>>> print(open('coords_38.cif').read())   # mmCIF, C-alpha atoms
data_data
loop_
_atom_site.label_atom_id
_atom_site.label_comp_id
_atom_site.auth_asym_id
_atom_site.auth_seq_id
_atom_site.Cartn_x
_atom_site.Cartn_y
_atom_site.Cartn_z
CA MET R 1 0.00 0.00 0.00
CA SER R 2 1.27 3.47 -0.85
CA TYR R 3 2.55 5.98 1.72
CA ASN R 4 0.02 8.81 2.05
CA ASP R 5 0.58 12.21 3.59
CA THR R 6 -0.50 15.85 3.56
CA LEU R 7 1.69 18.87 3.01
CA LYS R 8 0.60 22.41 3.87
CA ILE R 9 2.55 25.35 2.50
CA PRO R 10 2.02 29.08 2.05
CA ALA R 11 0.06 29.43 -1.16
CA HIS R 12 0.95 31.69 -4.05
CA TYR R 13 -0.21 35.23 -3.33
CA ASN R 14 -3.53 36.34 -4.76
CA ILE R 15 -2.69 37.85 -8.17
CA TYR R 16 -5.94 39.86 -8.12
CA THR R 17 -5.17 41.63 -4.83
CA GLY R 18 -1.45 41.09 -4.19
CA VAL R 19 -2.29 39.72 -0.72
CA ASN R 20 -0.50 36.76 0.90
CA GLY R 21 -1.69 34.59 3.78
CA ARG R 22 -3.56 31.73 2.15
CA GLU R 23 -2.51 28.13 2.84
CA LEU R 24 -2.30 25.44 0.16
CA ARG R 25 -3.12 21.88 1.19
CA ILE R 26 -1.43 19.18 -0.91
CA ASP R 27 -2.20 15.47 -0.47
CA TYR R 28 0.21 12.98 -2.01
CA SER R 29 0.94 9.26 -2.20
CA ILE R 30 4.34 7.63 -2.69
CA PRO R 31 4.67 4.04 -3.96
CA GLN R 32 5.17 1.55 -1.15
CA LYS R 33 8.44 0.37 -2.65
CA GLY R 34 9.70 3.95 -2.73
CA THR R 35 10.86 6.00 -5.69
CA ASN R 36 13.54 5.60 -8.31
CA ALA R 37 14.91 7.47 -11.31
CA ASP R 38 11.81 6.48 -13.34
CA THR R 39 9.20 7.65 -10.81
CA GLY R 40 6.93 10.33 -12.20
CA ILE R 41 4.49 12.81 -10.67
CA PHE R 42 0.78 12.50 -11.47
CA ILE R 43 -1.64 15.27 -10.41
CA PHE R 44 -5.43 14.88 -10.30
CA VAL R 45 -7.62 17.97 -10.70
CA PRO R 46 -11.35 17.56 -10.00
CA GLY R 47 -14.00 19.86 -11.43
CA PHE R 48 -17.24 21.12 -9.88
CA GLY R 49 -18.54 18.70 -7.25
CA GLY R 50 -15.23 16.87 -6.83
CA HIS R 51 -12.67 17.69 -4.15
CA ILE R 52 -9.52 16.56 -2.43
CA ASP R 53 -11.43 14.47 0.14
CA SER R 54 -13.63 12.65 -2.39
CA LYS R 55 -13.36 8.89 -1.89
CA ILE R 56 -12.72 8.27 -5.59
CA TYR R 57 -9.76 10.65 -5.67
CA LYS R 58 -8.25 9.16 -2.53
CA LYS R 59 -8.60 5.72 -4.15
CA MET R 60 -7.01 7.01 -7.36
CA ARG R 61 -4.04 8.53 -5.54
CA GLU R 62 -3.29 5.23 -3.81
CA HIS R 63 -4.04 2.99 -6.79
CA PHE R 64 -2.07 4.82 -9.46
CA ALA R 65 0.95 5.49 -7.24
CA GLU R 66 1.52 1.75 -7.15
CA LYS R 67 0.38 0.89 -10.67
CA TYR R 68 2.37 3.45 -12.64
CA ASN R 69 5.31 4.21 -10.32
CA VAL R 70 4.28 7.79 -9.73
CA VAL R 71 3.93 10.14 -6.80
CA THR R 72 0.26 11.07 -7.02
CA VAL R 73 -0.72 14.59 -6.03
CA GLN R 74 -3.85 16.64 -5.41
CA CYS R 75 -4.33 20.13 -4.01
CA ASP R 76 -7.19 22.07 -2.50
CA TYR R 77 -6.94 24.78 -5.14
CA PHE R 78 -8.13 28.39 -5.08
CA GLY R 79 -11.90 28.59 -4.64
CA SER R 80 -12.49 24.84 -4.85
CA ARG R 81 -14.43 24.87 -1.57
CA PHE R 82 -17.08 27.02 -3.29
CA MET R 83 -17.47 24.52 -6.14
CA GLN R 84 -19.41 21.98 -4.10
CA SER R 85 -23.06 21.97 -3.03
CA SER R 86 -24.44 24.53 -0.60
CA ASP R 87 -26.39 24.23 2.65
CA SER R 88 -27.28 27.89 2.65
CA PHE R 89 -29.73 29.53 0.27
CA ARG R 90 -32.34 32.20 -0.17
CA LEU R 91 -35.64 31.69 -1.97
CA LYS R 92 -36.02 33.01 -5.48
CA ASN R 93 -39.74 33.56 -4.98
CA ASP R 94 -41.83 34.95 -2.17
CA ILE R 95 -42.09 32.37 0.60
CA ASN R 96 -45.88 32.67 0.50
CA ILE R 97 -45.86 31.07 -2.96
CA VAL R 98 -44.34 27.99 -1.32
CA LEU R 99 -46.44 28.13 1.82
CA ASN R 100 -49.65 28.20 -0.21
CA GLN R 101 -48.78 24.69 -1.44
CA LEU R 102 -48.72 23.35 2.14
CA THR R 103 -51.52 22.34 4.44
CA LEU R 104 -52.66 24.99 6.90
CA GLU R 105 -51.15 22.95 9.71
CA ASP R 106 -47.74 22.81 8.04
CA GLN R 107 -47.93 26.52 7.16
CA LEU R 108 -48.39 27.31 10.85
CA ILE R 109 -45.44 25.10 11.85
CA VAL R 110 -43.12 26.85 9.39
CA LYS R 111 -44.30 30.33 10.39
CA ASN R 112 -43.65 29.54 14.05
CA ASP R 113 -40.25 27.94 13.42
CA THR R 114 -38.55 28.64 10.07
CA SER R 115 -35.86 26.04 10.84
CA THR R 116 -38.50 23.38 10.06
CA PHE R 117 -38.93 24.66 6.48
CA ILE R 118 -36.83 22.02 4.67
CA ASN R 119 -38.18 19.16 6.75
CA ILE R 120 -41.75 20.23 6.07
CA ILE R 121 -41.45 20.75 2.32
CA SER R 122 -39.67 17.40 1.95
CA LYS R 123 -43.11 15.80 2.34
CA TYR R 124 -44.43 17.56 -0.78
CA ASN R 125 -43.84 17.17 -4.51
CA ILE R 126 -42.47 20.68 -4.79
CA ASN R 127 -39.82 22.08 -7.11
CA LEU R 128 -38.16 24.86 -5.14
CA PRO R 129 -35.85 27.28 -7.00
CA VAL R 130 -33.30 28.94 -4.71
CA HIS R 131 -30.17 31.10 -4.90
CA ALA R 132 -27.18 29.37 -3.30
CA VAL R 133 -25.42 31.52 -0.70
CA ILE R 134 -21.65 31.11 -0.97
CA ASP R 135 -19.07 32.98 1.03
CA GLU R 136 -16.84 34.11 -1.83
CA SER R 137 -14.80 37.30 -1.57
CA ILE R 138 -12.01 38.86 -3.61
CA ASP R 139 -9.60 37.10 -1.21
CA GLU R 140 -10.74 33.69 -2.45
CA PHE R 141 -13.29 32.90 -5.12
CA VAL R 142 -13.90 30.51 -8.00
CA ASP R 143 -11.80 32.41 -10.53
CA MET R 144 -11.99 29.46 -12.97
CA GLY R 145 -8.66 30.50 -14.38
CA TYR R 146 -5.25 31.77 -13.43
CA MET R 147 -5.22 31.29 -9.65
CA GLN R 148 -6.60 27.77 -9.89
CA SER R 149 -3.95 26.82 -12.45
CA ILE R 150 -1.22 28.50 -10.40
CA ASP R 151 -2.15 26.38 -7.37
CA VAL R 152 -1.91 23.19 -9.46
CA ILE R 153 1.51 24.24 -10.78
CA THR R 154 2.65 25.17 -7.27
CA ALA R 155 1.56 21.79 -5.90
CA ILE R 156 3.66 19.96 -8.49
CA GLU R 157 6.70 22.13 -7.87
CA ALA R 158 6.32 21.78 -4.09
CA ILE R 159 6.30 17.98 -4.40
CA LYS R 160 9.44 18.16 -6.53
CA ILE R 161 11.15 20.13 -3.76
CA LEU R 162 9.87 17.73 -1.09
CA LEU R 163 11.24 14.72 -2.96
CA SER R 164 14.58 16.39 -3.64
CA GLU R 165 15.06 17.56 -0.05
CA ASN R 166 14.41 14.00 1.15
CA SER R 167 16.85 12.53 -1.40
CA LEU R 168 14.06 10.64 -3.17
CA GLU R 169 14.77 10.04 -6.83
CA PHE R 170 12.19 10.94 -9.49
CA ASP R 171 11.99 11.73 -13.19
CA GLU R 172 11.37 15.46 -13.57
CA GLY R 173 10.47 14.86 -17.22
CA ARG R 174 7.54 12.60 -16.36
CA ILE R 175 4.76 14.86 -15.09
CA LEU R 176 1.21 13.73 -15.80
CA GLY R 177 -2.17 15.31 -15.18
CA PHE R 178 -5.78 14.13 -15.22
CA GLY R 179 -8.82 16.37 -14.96
CA GLN R 180 -12.52 16.43 -15.69
CA SER R 181 -14.49 19.45 -16.92
CA GLN R 182 -13.18 22.51 -15.03
CA GLY R 183 -10.35 20.36 -13.67
CA ALA R 184 -9.26 19.41 -17.18
CA TYR R 185 -9.53 23.05 -18.25
CA ILE R 186 -7.26 24.05 -15.35
CA LEU R 187 -4.63 21.62 -16.63
CA LEU R 188 -4.87 22.94 -20.19
CA LEU R 189 -4.38 26.49 -18.91
CA ALA R 190 -1.51 25.39 -16.65
CA ASN R 191 0.11 23.77 -19.68
CA ARG R 192 0.09 27.17 -21.39
CA LEU R 193 1.38 29.05 -18.36
CA VAL R 194 4.30 26.64 -17.85
CA PRO R 195 4.97 25.12 -21.30
CA HIS R 196 7.80 22.83 -20.17
CA LEU R 197 6.04 21.20 -17.22
CA PHE R 198 3.70 18.42 -18.34
CA SER R 199 4.66 15.33 -20.27
CA GLN R 200 1.07 14.05 -20.58
CA ILE R 201 -2.40 15.46 -19.89
CA ILE R 202 -5.70 13.56 -19.89
CA ASP R 203 -8.54 15.97 -20.65
CA ASN R 204 -12.03 14.66 -19.95
CA ALA R 205 -14.48 17.28 -21.24
CA ALA R 206 -12.59 20.50 -20.56
CA TRP R 207 -14.72 23.34 -21.77
CA VAL R 208 -13.55 25.89 -24.32
CA GLU R 209 -14.37 28.72 -21.91
CA PRO R 210 -15.41 28.34 -18.26
CA GLN R 211 -19.19 28.39 -18.59
CA TYR R 212 -19.86 29.96 -15.21
CA LEU R 213 -18.01 33.12 -16.18
CA TYR R 214 -21.09 33.86 -18.30
CA ASN R 215 -23.93 31.68 -17.00
CA ASN R 216 -25.04 30.60 -13.56
CA ARG R 217 -24.51 27.04 -12.35
CA SER R 218 -27.53 24.91 -11.51
CA LEU R 219 -27.45 22.02 -9.07
CA ILE R 220 -30.51 19.87 -8.37
CA ASN R 221 -30.89 18.20 -4.98
CA SER R 222 -33.66 15.87 -3.85
CA VAL R 223 -34.92 16.26 -0.29
CA GLY R 224 -37.57 13.65 0.33
CA ASN R 225 -40.30 14.29 -2.23
CA ALA R 226 -39.14 17.84 -2.91
CA ILE R 227 -36.68 18.98 -5.57
CA ILE R 228 -34.47 21.97 -4.69
CA THR R 229 -32.78 23.64 -7.65
CA PHE R 230 -29.79 25.68 -6.49
CA GLU R 231 -28.54 28.51 -8.68
CA PHE R 232 -24.92 29.58 -8.12
CA GLU R 233 -23.78 32.98 -9.34
CA TYR R 234 -20.01 33.18 -8.99
CA LEU R 235 -18.05 36.32 -8.20
CA ALA R 236 -15.76 35.72 -11.19
CA LYS R 237 -18.53 36.95 -13.51
CA ARG R 238 -17.90 40.43 -12.10
CA VAL R 239 -14.21 40.23 -11.16
CA VAL R 240 -12.53 38.65 -14.20
CA ASN R 241 -12.07 41.46 -16.70
CA ASN R 242 -10.62 39.92 -19.84
CA LYS R 243 -12.69 36.76 -20.05
CA LYS R 244 -11.53 36.12 -23.61
CA SER R 245 -8.03 35.42 -22.30
CA LEU R 246 -9.55 32.31 -20.71
CA SER R 247 -10.81 30.90 -24.01
CA LEU R 248 -8.88 27.91 -25.34
CA HIS R 249 -9.08 29.61 -28.75
CA ASN R 250 -6.75 32.30 -27.40
CA ILE R 251 -4.81 30.17 -24.90
CA TYR R 252 -3.66 27.78 -27.65
CA ASN R 253 -3.41 30.31 -30.47
CA GLY R 254 0.15 30.12 -31.79
CA PHE R 255 1.26 27.97 -28.86
CA GLU R 256 3.96 25.33 -29.36
CA ASN R 257 2.56 22.48 -27.29
CA GLY R 258 5.24 20.20 -25.90
CA SER R 259 3.08 17.77 -23.88
CA PHE R 260 0.99 14.87 -25.17
CA ILE R 261 -2.69 15.64 -24.67
CA TYR R 262 -5.43 13.04 -24.86
CA SER R 263 -8.78 14.86 -25.05
CA CYS R 264 -12.20 13.16 -25.06
CA LEU R 265 -15.62 14.72 -25.44
CA GLY R 266 -19.16 13.38 -25.87
CA VAL R 267 -21.39 14.24 -28.81
CA THR R 268 -24.30 15.22 -26.51
CA ASP R 269 -22.24 17.41 -24.16
CA VAL R 270 -24.46 20.44 -23.49
CA LEU R 271 -21.63 22.48 -21.96
CA VAL R 272 -18.99 21.98 -24.66
CA ASP R 273 -19.59 22.14 -28.40
CA VAL R 274 -17.57 19.40 -30.11
CA GLN R 275 -16.78 21.42 -33.22
CA ASP R 276 -15.83 24.50 -31.20
CA LYS R 277 -13.49 22.43 -29.01
CA GLU R 278 -11.84 20.92 -32.06
CA ARG R 279 -11.36 24.37 -33.59
CA ALA R 280 -9.78 25.57 -30.35
CA ILE R 281 -7.21 22.81 -29.86
CA GLY R 282 -7.41 20.47 -32.85
CA HIS R 283 -4.47 22.14 -34.60
CA ILE R 284 -1.88 21.70 -31.84
CA LYS R 285 0.95 19.19 -31.91
CA ASN R 286 0.97 16.02 -29.80
CA LEU R 287 -2.82 15.85 -29.48
CA GLU R 288 -5.28 12.98 -29.76
CA PHE R 289 -8.83 14.32 -29.84
CA GLU R 290 -11.49 11.61 -29.48
CA VAL R 291 -15.19 12.30 -29.97
CA ILE R 292 -17.32 9.76 -28.11
CA ASP R 293 -20.62 8.74 -29.70
CA ASN R 294 -23.04 5.91 -28.96
CA LYS R 295 -20.87 3.23 -30.53
CA ASP R 296 -18.08 4.12 -28.09
CA VAL R 297 -20.25 3.84 -24.98
CA ASP R 298 -18.97 0.54 -23.60
CA GLY R 299 -20.24 0.71 -20.03
CA THR R 300 -16.70 0.23 -18.78
CA ILE R 301 -14.80 3.39 -19.70
CA PHE R 302 -17.49 5.59 -21.23
CA LYS R 303 -21.03 5.25 -19.90
CA SER R 304 -22.72 8.07 -21.81
CA THR R 305 -22.03 10.77 -24.37
CA ASN R 306 -22.98 13.57 -21.96
CA HIS R 307 -20.69 16.05 -20.23
CA GLY R 308 -17.92 14.09 -18.55
CA LEU R 309 -19.08 10.90 -20.33
CA ASP R 310 -20.09 9.44 -16.94
CA ALA R 311 -16.61 8.00 -17.26
CA ASP R 312 -15.01 5.52 -14.92
CA PHE R 313 -11.94 7.55 -14.01
CA ILE R 314 -9.68 4.60 -13.28
CA ASN R 315 -10.51 2.83 -16.53
CA LEU R 316 -10.29 6.08 -18.50
CA ILE R 317 -6.81 6.82 -17.15
CA ASP R 318 -5.64 3.30 -18.03
CA TYR R 319 -7.12 3.69 -21.51
CA ALA R 320 -5.53 7.08 -22.12
CA LEU R 321 -2.08 6.18 -20.78
CA ALA R 322 -1.99 3.07 -22.97
CA LYS R 323 -2.12 5.34 -26.02
CA LYS R 324 1.25 6.87 -25.22
CA THR R 325 3.34 4.93 -22.74
CA PHE R 326 5.82 7.78 -22.36
CA HIS R 327 6.21 11.22 -23.87
CA ARG R 328 8.97 13.73 -23.27
CA ASN R 329 7.94 17.39 -23.31
CA THR R 330 9.83 19.13 -26.13
CA ASN R 331 9.81 22.62 -24.57
CA MET R 332 12.86 23.81 -22.68
CA LYS R 333 12.45 25.27 -19.19
CA GLN R 334 12.75 29.04 -19.00
CA PHE R 335 13.38 30.81 -15.73
CA LYS R 336 11.84 34.18 -16.63
CA TYR R 337 9.30 34.82 -19.36
CA ILE R 338 6.04 36.53 -20.26
CA VAL R 339 2.80 34.74 -21.14
CA ASN R 340 0.62 36.85 -23.44
CA ILE R 341 -2.96 35.68 -24.00
CA SER R 342 -5.45 38.01 -25.66
CA LYS R 343 -4.07 41.22 -24.11
CA THR R 344 -3.62 39.61 -20.69
CA LYS R 345 0.06 39.35 -19.77
CA LEU R 346 1.59 37.41 -16.90
CA SER R 347 5.23 37.34 -15.94
CA VAL R 348 6.55 33.99 -14.72
CA ASP R 349 9.66 33.80 -12.56
CA TYR R 350 11.23 30.45 -11.67
CA SER R 351 14.39 32.00 -10.23
CA ASN R 352 13.73 31.06 -6.61
CA GLY R 353 12.24 27.55 -6.68
CA LEU R 354 8.46 27.89 -6.61
CA PRO R 355 7.34 30.00 -9.58
CA ILE R 356 5.95 33.49 -9.06
CA PHE R 357 3.22 34.78 -11.36
CA GLN R 358 2.22 38.41 -11.77
CA PHE R 359 -0.09 40.36 -14.04
CA VAL R 360 1.82 42.78 -16.27
CA ASN R 361 0.23 46.07 -17.29
CA SER R 362 0.12 46.52 -21.05
#
>>> encode(input="coords_38.cif", output="structure tokens")
Amino acid sequence: MSYNDTLKIPAHYNIYTGVNGRELRIDYSIPQKGTNADTGIFIFVPGFGGHIDSKIYKKMREHFAEKYNVVTVQCDYFGSRFMQSSDSFRLKNDINIVLNQLTLEDQLIVKNDTSTFINIISKYNINLPVHAVIDESIDEFVDMGYMQSIDVITAIEAIKILLSENSLEFDEGRILGFGQSQGAYILLLANRLVPHLFSQIIDNAAWVEPQYLYNNRSLINSVGNAIITFEFEYLAKRVVNNKKSLSLHNIYNGFENGSFIYSCLGVTDVLVDVQDKERAIGHIKNLEFEVIDNKDVDGTIFKSTNHGLDADFINLIDYALAKKTFHRNTNMKQFKYIVNISKTKLSVDYSNGLPIFQFVNS
């Protein structure tokens, strides 16, 4: 069984405010037999609804560390705690609209004690639309872009330092990443920010642009007989200025990709248009882009053609890694450079170990 531990380090400062003080939690697993010169690093990046404590990701960290001789890594990235469900909400409609659907007895109970509201409506076939209340602020929010990718990059570099300081061998040229939806998008953006870093990326349904920069997220929960539809409006809609810099069309425009990217997408994905995705990344080097239709739904790897393919993550990773047993990133590491994406410029400085990122005024 792999050796599992947690590392907590000072996180990269908030590039929107310049403020320090946040902590970055990094969970990792080392193969039971230890590391050697061929040991890689494999980072998992969940999307909305997934998180560092999800049972499936814990299982994946332990399983793949042993199977592929990798140090598996996951971090609690910027704003990820706001990407889950919510226990707090406010009604979209006047409460009397709901109360009028209850018996007079139940109406009286709720009016006398509002804490009974959920328990009471759970008895009814009611569809209740609500606004999710999330505690985002400019200090930490679901930016769906640069800060989330920076945390993923930082986690990888921190593990490299940890291994080196403990005299544990590893192959710095074997850095893999797996992500679904927003998690996969984070990896594709990270690949652009640090072009030398990844050897292989598995992209399950990364969107072309983060959808919740423009539209609200909906999450449906069943409570007894009632259906509660949560609507999440994220702060990034108002805070992120140049949203076009977060489009894969611009991120990968003119970019010399050095990693091998396996990208899969279902034909009935309502969040990602297949043709648009192919236009955005289909031209880059070292890419296999696979469109999944009904004939590919095997019930083992791919279980639908919808967003995320209802994929079995473990089987999908095995399937994707079998396509390219090993790939060496062709981009050379630079210690200081500028990333320019659609009028958004970031300076990247690797001079002192962990990279520092900063917006650059045009």
>>> residues_around(input="coords_38.cif", residues="region 230-238 of chain R", least_positions_apart="2", cutoff="9 Å", atoms="all atoms listed in the file", output="ChimeraX atom specification")
/R:82,85-86,89,128-134,136-138,141-144,212-221,228,240-241,243
>>> residues_around(input="coords_38.cif", residues="region 62-70 of chain R", least_positions_apart="6", cutoff="10 Å", atoms="all atoms listed in the file", output="list in words")
Met1, Ser2, Tyr3, Asn4, Tyr28, Ser29, Ile30, Pro31, Gln32, Lys33, Gly34, Thr35, Asn36, Asp38, Thr39, Gly40, Ile41, Phe42, Ile43, Phe170, Asp171, Arg174, Ile175, Leu176, Ile314, Ile317, Asp318 and Leu321 of chain R
>>> residues_around(input="coords_38.cif", residues="Gly299 (chain R)", least_positions_apart="5", cutoff="10 Å", atoms="all atoms listed in the file", output="list in words")
Ser304, Asp310, Ala311 and Asp312 of chain R
>>> residues_around(input="coords_38.cif", residues="Gly308 (chain R)", least_positions_apart="4", cutoff="9 Å", atoms="all atoms listed in the file", output="NGL selection string")
:R and (180-181 or 204-206 or 264-266 or 269 or 302 or 304)
>>> residues_around(input="coords_38.cif", residues="Thr344 (chain R)", least_positions_apart="4", cutoff="10 Å", atoms="only C-alpha atoms", output="ChimeraX atom specification")
/R:241-246,339-340,359-362
>>> atom_distance(input="coords_38.cif", atom1="CA of Pro10 (chain R)", atom2="CA of His51 (chain R)")
19.6 Å
>>> atom_distance(input="coords_38.cif", atom1="CA of Asp293 (chain R)", atom2="CA of Ile186 (chain R)")
24.9 Å
>>> atom_distance(input="coords_38.cif", atom1="CA of Met83 (chain R)", atom2="CA of Asp27 (chain R)")
18.6 Å
>>> resolve_selection(input="coords_38.cif", expression="the PyMOL selection byres ((chain R and resi 155) around 12)", output="PyMOL selection string")
chain R and resi 6-12+23-28+41-45+71-78+148-154+156-162+175+177+190+354-355
>>> write_last_selection(input="coords_38.cif", atoms="C-alpha atoms", output="tab-separated table (two decimals), in the coordinates of the input")
chain	number	residue	atom	x	y	z
R	6	THR	CA	-0.50	15.85	3.56
R	7	LEU	CA	1.69	18.87	3.01
R	8	LYS	CA	0.60	22.41	3.87
R	9	ILE	CA	2.55	25.35	2.50
R	10	PRO	CA	2.02	29.08	2.05
R	11	ALA	CA	0.06	29.43	-1.16
R	12	HIS	CA	0.95	31.69	-4.05
R	23	GLU	CA	-2.51	28.13	2.84
R	24	LEU	CA	-2.30	25.44	0.16
R	25	ARG	CA	-3.12	21.88	1.19
R	26	ILE	CA	-1.43	19.18	-0.91
R	27	ASP	CA	-2.20	15.47	-0.47
R	28	TYR	CA	0.21	12.98	-2.01
R	41	ILE	CA	4.49	12.81	-10.67
R	42	PHE	CA	0.78	12.50	-11.47
R	43	ILE	CA	-1.64	15.27	-10.41
R	44	PHE	CA	-5.43	14.88	-10.30
R	45	VAL	CA	-7.62	17.97	-10.70
R	71	VAL	CA	3.93	10.14	-6.80
R	72	THR	CA	0.26	11.07	-7.02
R	73	VAL	CA	-0.72	14.59	-6.03
R	74	GLN	CA	-3.85	16.64	-5.41
R	75	CYS	CA	-4.33	20.13	-4.01
R	76	ASP	CA	-7.19	22.07	-2.50
R	77	TYR	CA	-6.94	24.78	-5.14
R	78	PHE	CA	-8.13	28.39	-5.08
R	148	GLN	CA	-6.60	27.77	-9.89
R	149	SER	CA	-3.95	26.82	-12.45
R	150	ILE	CA	-1.22	28.50	-10.40
R	151	ASP	CA	-2.15	26.38	-7.37
R	152	VAL	CA	-1.91	23.19	-9.46
R	153	ILE	CA	1.51	24.24	-10.78
R	154	THR	CA	2.65	25.17	-7.27
R	156	ILE	CA	3.66	19.96	-8.49
R	157	GLU	CA	6.70	22.13	-7.87
R	158	ALA	CA	6.32	21.78	-4.09
R	159	ILE	CA	6.30	17.98	-4.40
R	160	LYS	CA	9.44	18.16	-6.53
R	161	ILE	CA	11.15	20.13	-3.76
R	162	LEU	CA	9.87	17.73	-1.09
R	175	ILE	CA	4.76	14.86	-15.09
R	177	GLY	CA	-2.17	15.31	-15.18
R	190	ALA	CA	-1.51	25.39	-16.65
R	354	LEU	CA	8.46	27.89	-6.61
R	355	PRO	CA	7.34	30.00	-9.58
>>> resolve_selection(input="coords_38.cif", expression="the PyMOL selection byres ((chain R and resi 16) around 10)", output="ChimeraX atom specification")
/R:13-15,17-19,138-140,143,146-147,239-240,358-359
>>> resolve_selection(input="coords_38.cif", expression="the PyMOL selection byres ((chain R and resi 127) around 12)", output="short mmCIF file (atom, residue, chain, number, x, y, z; two decimals) with C-alpha atoms, in the frame of the given file")
data_model
loop_
_atom_site.label_atom_id
_atom_site.label_comp_id
_atom_site.auth_asym_id
_atom_site.auth_seq_id
_atom_site.Cartn_x
_atom_site.Cartn_y
_atom_site.Cartn_z
CA LEU R 91 -35.64 31.69 -1.97
CA LYS R 92 -36.02 33.01 -5.48
CA ASN R 93 -39.74 33.56 -4.98
CA ILE R 97 -45.86 31.07 -2.96
CA VAL R 98 -44.34 27.99 -1.32
CA GLN R 101 -48.78 24.69 -1.44
CA ILE R 121 -41.45 20.75 2.32
CA SER R 122 -39.67 17.40 1.95
CA LYS R 123 -43.11 15.80 2.34
CA TYR R 124 -44.43 17.56 -0.78
CA ASN R 125 -43.84 17.17 -4.51
CA ILE R 126 -42.47 20.68 -4.79
CA LEU R 128 -38.16 24.86 -5.14
CA PRO R 129 -35.85 27.28 -7.00
CA VAL R 130 -33.30 28.94 -4.71
CA ILE R 220 -30.51 19.87 -8.37
CA ASN R 221 -30.89 18.20 -4.98
CA SER R 222 -33.66 15.87 -3.85
CA VAL R 223 -34.92 16.26 -0.29
CA GLY R 224 -37.57 13.65 0.33
CA ASN R 225 -40.30 14.29 -2.23
CA ALA R 226 -39.14 17.84 -2.91
CA ILE R 227 -36.68 18.98 -5.57
CA ILE R 228 -34.47 21.97 -4.69
CA THR R 229 -32.78 23.64 -7.65
CA PHE R 230 -29.79 25.68 -6.49
#
>>> residues_near_point(input="coords_38.cif", point="(-12.7, 16.2, -9.6)", cutoff="10 Å", atoms="only C-alpha atoms", output="list in words")
Phe44, Val45, Pro46, Gly47, Phe48, Gly49, Gly50, His51, Ile52, Asp53, Ser54, Ile56, Tyr57, Gln74, Ser80, Phe178, Gly179, Gln180, Ser181, Gln182, Gly183, Ala184 and Phe313 of chain R
>>> closest_residue(input="coords_38.cif", among="R:Leu197, R:Leu168, R:Val348, R:Ile292", to="Asn329 (chain R)", atoms="all atoms listed in the file")
R:Leu197
>>> closest_residue(input="coords_38.cif", among="R:Ser259, R:Ser347, R:Asn294, R:Ser88", to="Ile118 (chain R)", atoms="only C-alpha atoms")
R:Ser88
>>> closest_residue(input="coords_38.cif", among="R:Ser199, R:Thr305, R:Ser164, R:Asn112", to="Asn257 (chain R)", atoms="only C-alpha atoms")
R:Ser199
>>> closest_residue(input="coords_38.cif", among="R:Phe326, R:Ser351, R:Asn315, R:Asn250", to="Met60 (chain R)", atoms="all atoms listed in the file")
R:Asn315
>>> axis_aligned_box(input="coords_38.cif", around="region 77-83 of chain R", padding_each_side="6 Å", output="AutoDock Vina command-line options")
--center_x -12.2 --center_y 26.6 --center_z -3.9 --size_x 22.5 --size_y 16.1 --size_z 16.6
>>> decode(input="coords_38.cif", residues="region 211-218 of chain R", atoms="N, CA, C and O atoms", output="JSON list (two decimals), in the first residue's frame")
[["chain", "number", "residue", "atom", "x", "y", "z"],
["R", 211, "GLN", "N", -17.81, 28.00, -18.34],
["R", 211, "GLN", "CA", -19.19, 28.39, -18.59],
["R", 211, "GLN", "C", -19.74, 29.33, -17.53],
["R", 211, "GLN", "O", -20.59, 30.18, -17.82],
["R", 212, "TYR", "N", -19.26, 29.19, -16.29],
["R", 212, "TYR", "CA", -19.86, 29.96, -15.21],
["R", 212, "TYR", "C", -19.25, 31.35, -15.08],
["R", 212, "TYR", "O", -19.58, 32.10, -14.16],
["R", 213, "LEU", "N", -18.39, 31.72, -16.04],
["R", 213, "LEU", "CA", -18.01, 33.12, -16.18],
["R", 213, "LEU", "C", -19.13, 33.91, -16.84],
["R", 213, "LEU", "O", -19.17, 35.14, -16.75],
["R", 214, "TYR", "N", -20.02, 33.21, -17.52],
["R", 214, "TYR", "CA", -21.09, 33.86, -18.30],
["R", 214, "TYR", "C", -22.47, 33.46, -17.80],
["R", 214, "TYR", "O", -23.40, 34.28, -17.79],
["R", 215, "ASN", "N", -22.63, 32.20, -17.43],
["R", 215, "ASN", "CA", -23.93, 31.68, -17.00],
["R", 215, "ASN", "C", -23.85, 31.18, -15.57],
["R", 215, "ASN", "O", -22.77, 30.87, -15.07],
["R", 216, "ASN", "N", -25.01, 31.12, -14.92],
["R", 216, "ASN", "CA", -25.04, 30.60, -13.56],
["R", 216, "ASN", "C", -25.06, 29.08, -13.56],
["R", 216, "ASN", "O", -25.54, 28.44, -14.50],
["R", 217, "ARG", "N", -24.53, 28.50, -12.51],
["R", 217, "ARG", "CA", -24.51, 27.04, -12.35],
["R", 217, "ARG", "C", -25.78, 26.59, -11.67],
["R", 217, "ARG", "O", -26.24, 27.22, -10.70],
["R", 218, "SER", "N", -26.35, 25.49, -12.14],
["R", 218, "SER", "CA", -27.53, 24.91, -11.51],
["R", 218, "SER", "C", -27.17, 23.55, -10.92],
["R", 218, "SER", "O", -26.44, 22.78, -11.53]]
